[in-house]
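Quick notes on the structure that follows.
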Amino acid sequence: NDGTVKVFNGKLSNVEAEIQKGKNPFLRIHQSYLVNYFLIRSRSKKDIVLVNGERLSISEDRQKNFSLEYGKLLRGEIDV
């Protein structure tokens with residue numbers, strides 16, 4: 001939210017595994033992107049818009065899983 005950028009060397013899948021243990025739900029939308037569910041303003045089939053206005057593409061191979069997980073969060077099927 002404050003524009004801070006953190007840089008690291010490593011696999012995003014390792015970060016994803018660690019983040020899943022926390023309270024804030026993150027969704028993998030692309031090989032290079034993990035997105036905090038609470039920062040998504042809107043979505044379409046192919047992309048999302050964050051609360052800061054930034055538009056990020058959802059990779060074709062992750063679109064189905066993203067839709068399923070996002071739907072679960074919206075319906076309250078996943079505790080947040």
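All residue names refer to the structure tokens as shown: chains lettered A, B, ... in order, residues numbered from 1 in each chain, ligands numbered from 1 in order.
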Q. Where does DSSP see strand (DSSP E or B) in chain A, if you list the residues as a ChimeraX atom specification?
A. /A:26-30,33-36,40-43,47-50,55-57
Q: Would you mind writing down, as a PyMOL selection string, each residue of chain A that DSSP on the backbone assigns to alpha helix (DSSP H)?
A: chain A and resi 12-19+63-74
Those residues with all heavy atoms, as a short mmCIF file (atom, residue, chain, number, x, y, z; two decimals), in the first residue's frame please?
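Saved as result.cif:
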```cif
data_model
loop_
_atom_site.label_atom_id
_atom_site.label_comp_id
_atom_site.auth_asym_id
_atom_site.auth_seq_id
_atom_site.Cartn_x
_atom_site.Cartn_y
_atom_site.Cartn_z
N LEU A 12 9.58 -18.09 -6.08
CA LEU A 12 8.31 -17.55 -5.61
C LEU A 12 7.46 -18.66 -5.00
O LEU A 12 6.68 -18.41 -4.09
CB LEU A 12 7.58 -16.86 -6.76
CG LEU A 12 6.42 -15.96 -6.39
CD1 LEU A 12 6.82 -14.91 -5.36
CD2 LEU A 12 5.85 -15.28 -7.61
N SER A 13 7.62 -19.88 -5.46
CA SER A 13 6.87 -20.99 -4.89
C SER A 13 7.22 -21.20 -3.41
O SER A 13 6.36 -21.58 -2.61
CB SER A 13 7.09 -22.28 -5.68
OG SER A 13 8.46 -22.61 -5.71
N ASN A 14 8.47 -20.94 -3.02
CA ASN A 14 8.86 -21.03 -1.61
C ASN A 14 8.19 -19.93 -0.80
O ASN A 14 7.72 -20.17 0.31
CB ASN A 14 10.38 -20.94 -1.46
CG ASN A 14 11.09 -22.13 -2.06
OD1 ASN A 14 10.51 -23.17 -2.31
ND2 ASN A 14 12.38 -21.96 -2.32
N VAL A 15 8.15 -18.73 -1.35
CA VAL A 15 7.47 -17.62 -0.68
C VAL A 15 5.98 -17.94 -0.56
O VAL A 15 5.37 -17.73 0.48
CB VAL A 15 7.69 -16.31 -1.46
CG1 VAL A 15 6.86 -15.18 -0.86
CG2 VAL A 15 9.16 -15.94 -1.50
N GLU A 16 5.41 -18.45 -1.62
CA GLU A 16 3.99 -18.81 -1.62
C GLU A 16 3.66 -19.81 -0.52
O GLU A 16 2.67 -19.65 0.20
CB GLU A 16 3.60 -19.38 -2.98
CG GLU A 16 2.14 -19.72 -3.13
CD GLU A 16 1.79 -20.22 -4.51
OE1 GLU A 16 2.69 -20.68 -5.25
OE2 GLU A 16 0.60 -20.18 -4.85
N ALA A 17 4.51 -20.80 -0.34
CA ALA A 17 4.29 -21.81 0.70
C ALA A 17 4.32 -21.17 2.09
O ALA A 17 3.50 -21.51 2.95
CB ALA A 17 5.33 -22.92 0.59
N GLU A 18 5.22 -20.25 2.31
CA GLU A 18 5.32 -19.57 3.61
C GLU A 18 4.13 -18.64 3.84
O GLU A 18 3.58 -18.59 4.93
CB GLU A 18 6.62 -18.78 3.71
CG GLU A 18 7.83 -19.64 3.92
CD GLU A 18 7.77 -20.43 5.22
OE1 GLU A 18 7.46 -19.86 6.28
OE2 GLU A 18 8.04 -21.65 5.17
N ILE A 19 3.72 -17.92 2.81
CA ILE A 19 2.61 -16.98 2.92
C ILE A 19 1.30 -17.71 3.22
O ILE A 19 0.45 -17.19 3.95
CB ILE A 19 2.49 -16.13 1.64
CG1 ILE A 19 3.62 -15.11 1.59
CG2 ILE A 19 1.15 -15.43 1.55
CD1 ILE A 19 3.65 -14.29 0.34
N GLN A 63 -5.69 -19.21 -14.95
CA GLN A 63 -7.00 -18.57 -14.94
C GLN A 63 -8.07 -19.42 -14.25
O GLN A 63 -8.84 -18.91 -13.43
CB GLN A 63 -7.44 -18.22 -16.36
CG GLN A 63 -6.65 -17.07 -16.94
CD GLN A 63 -6.95 -16.82 -18.40
OE1 GLN A 63 -7.81 -17.44 -19.00
NE2 GLN A 63 -6.21 -15.90 -18.99
N LYS A 64 -8.11 -20.70 -14.54
CA LYS A 64 -9.14 -21.56 -13.95
C LYS A 64 -8.97 -21.67 -12.44
O LYS A 64 -9.93 -21.48 -11.67
CB LYS A 64 -9.12 -22.94 -14.59
CG LYS A 64 -10.20 -23.85 -14.07
CD LYS A 64 -10.20 -25.19 -14.78
CE LYS A 64 -11.30 -26.08 -14.24
NZ LYS A 64 -11.32 -27.37 -14.90
N ASN A 65 -7.75 -21.95 -11.98
CA ASN A 65 -7.51 -22.09 -10.55
C ASN A 65 -7.75 -20.77 -9.83
O ASN A 65 -8.32 -20.75 -8.74
CB ASN A 65 -6.09 -22.60 -10.29
CG ASN A 65 -5.89 -22.95 -8.83
OD1 ASN A 65 -6.63 -23.76 -8.28
ND2 ASN A 65 -4.91 -22.32 -8.21
N PHE A 66 -7.33 -19.66 -10.44
CA PHE A 66 -7.58 -18.36 -9.82
C PHE A 66 -9.07 -18.14 -9.64
O PHE A 66 -9.52 -17.72 -8.58
CB PHE A 66 -6.98 -17.23 -10.66
CG PHE A 66 -7.39 -15.87 -10.17
CD1 PHE A 66 -6.76 -15.30 -9.08
CD2 PHE A 66 -8.42 -15.17 -10.78
CE1 PHE A 66 -7.15 -14.05 -8.61
CE2 PHE A 66 -8.81 -13.93 -10.32
CZ PHE A 66 -8.17 -13.37 -9.24
N SER A 67 -9.86 -18.43 -10.67
CA SER A 67 -11.31 -18.24 -10.58
C SER A 67 -11.92 -19.08 -9.47
O SER A 67 -12.77 -18.60 -8.72
CB SER A 67 -11.98 -18.58 -11.91
OG SER A 67 -11.66 -17.63 -12.88
N LEU A 68 -11.47 -20.31 -9.33
CA LEU A 68 -11.98 -21.18 -8.28
C LEU A 68 -11.63 -20.64 -6.89
O LEU A 68 -12.49 -20.55 -6.01
CB LEU A 68 -11.43 -22.60 -8.44
CG LEU A 68 -11.91 -23.38 -9.66
CD1 LEU A 68 -11.12 -24.68 -9.82
CD2 LEU A 68 -13.39 -23.67 -9.54
N GLU A 69 -10.37 -20.29 -6.68
CA GLU A 69 -9.92 -19.81 -5.37
C GLU A 69 -10.53 -18.46 -5.04
O GLU A 69 -10.95 -18.22 -3.91
CB GLU A 69 -8.39 -19.75 -5.32
CG GLU A 69 -7.71 -21.10 -5.38
CD GLU A 69 -8.13 -22.01 -4.23
OE1 GLU A 69 -8.05 -21.57 -3.06
OE2 GLU A 69 -8.54 -23.15 -4.50
N TYR A 70 -10.60 -17.57 -6.01
CA TYR A 70 -11.19 -16.25 -5.80
C TYR A 70 -12.67 -16.39 -5.44
O TYR A 70 -13.16 -15.73 -4.53
CB TYR A 70 -11.01 -15.40 -7.06
CG TYR A 70 -11.38 -13.95 -6.90
CD1 TYR A 70 -10.54 -13.08 -6.21
CD2 TYR A 70 -12.55 -13.44 -7.45
CE1 TYR A 70 -10.87 -11.74 -6.07
CE2 TYR A 70 -12.88 -12.10 -7.31
CZ TYR A 70 -12.04 -11.26 -6.63
OH TYR A 70 -12.36 -9.93 -6.49
N GLY A 71 -13.36 -17.28 -6.13
CA GLY A 71 -14.77 -17.53 -5.83
C GLY A 71 -14.97 -18.06 -4.42
O GLY A 71 -15.90 -17.64 -3.71
N LYS A 72 -14.11 -18.96 -3.98
CA LYS A 72 -14.19 -19.48 -2.61
C LYS A 72 -14.02 -18.38 -1.59
O LYS A 72 -14.72 -18.33 -0.58
CB LYS A 72 -13.13 -20.56 -2.38
CG LYS A 72 -13.40 -21.87 -3.08
CD LYS A 72 -12.27 -22.84 -2.82
CE LYS A 72 -12.44 -24.12 -3.59
NZ LYS A 72 -11.29 -25.04 -3.37
N LEU A 73 -13.08 -17.48 -1.85
CA LEU A 73 -12.86 -16.36 -0.93
C LEU A 73 -14.07 -15.45 -0.90
O LEU A 73 -14.51 -15.02 0.17
CB LEU A 73 -11.60 -15.59 -1.33
CG LEU A 73 -10.28 -16.28 -0.99
CD1 LEU A 73 -9.14 -15.68 -1.81
CD2 LEU A 73 -10.00 -16.17 0.48
N LEU A 74 -14.64 -15.15 -2.05
CA LEU A 74 -15.80 -14.26 -2.12
C LEU A 74 -17.00 -14.86 -1.39
O LEU A 74 -17.77 -14.15 -0.75
CB LEU A 74 -16.19 -13.98 -3.57
CG LEU A 74 -15.28 -13.03 -4.34
CD1 LEU A 74 -15.73 -12.96 -5.80
CD2 LEU A 74 -15.28 -11.64 -3.73
#
```
Q: Check the smallest atom-to-atom distance from each of A:Phe8, A:Leu39, A:Gly3, A:Gly76 to Leu27 (chain A) using only C-alpha atoms, then report the winner.
A: A:Leu39
Q | Among listed residues A:Val5, A:Pro25, A:Val51, A:Ser44, nearest Asp79 (chain A) (using only C-alpha atoms) | A |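 Ranked by minimum distance to Asp79 (chain A), first place goes to A:Pro25.
The gap separating CA of Ser59 (chain A) from CA of Arg28 (chain A) is 9.5 Å, in Å to one decimal.
Going from CA of Phe38 (chain A) over to CA of Gly10 (chain A), you cover 24.6 Å.
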Q | Atomic separation - CA of Ser32 (chain A) relative to CA of Gly53 (chain A), Å | A |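 Between CA of Gly53 (chain A) and CA of Ser32 (chain A) the gap works out to 18.5 Å.
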Q: Select, from A:Lys21, A:Leu34, A:Ile29, A:Lys11, the residue with the minimum atom-to-atom distance to Glu60 (chain A), counting only C-alpha atoms.
A: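 Looking at the shortest contact to Glu60 (chain A), the residue is A:Ile29.
The closest residue to Arg62 (chain A), picked from A:Asp47, A:Tyr37, A:Val7, A:Asn24 and counting only C-alpha atoms, is A:Asp47.
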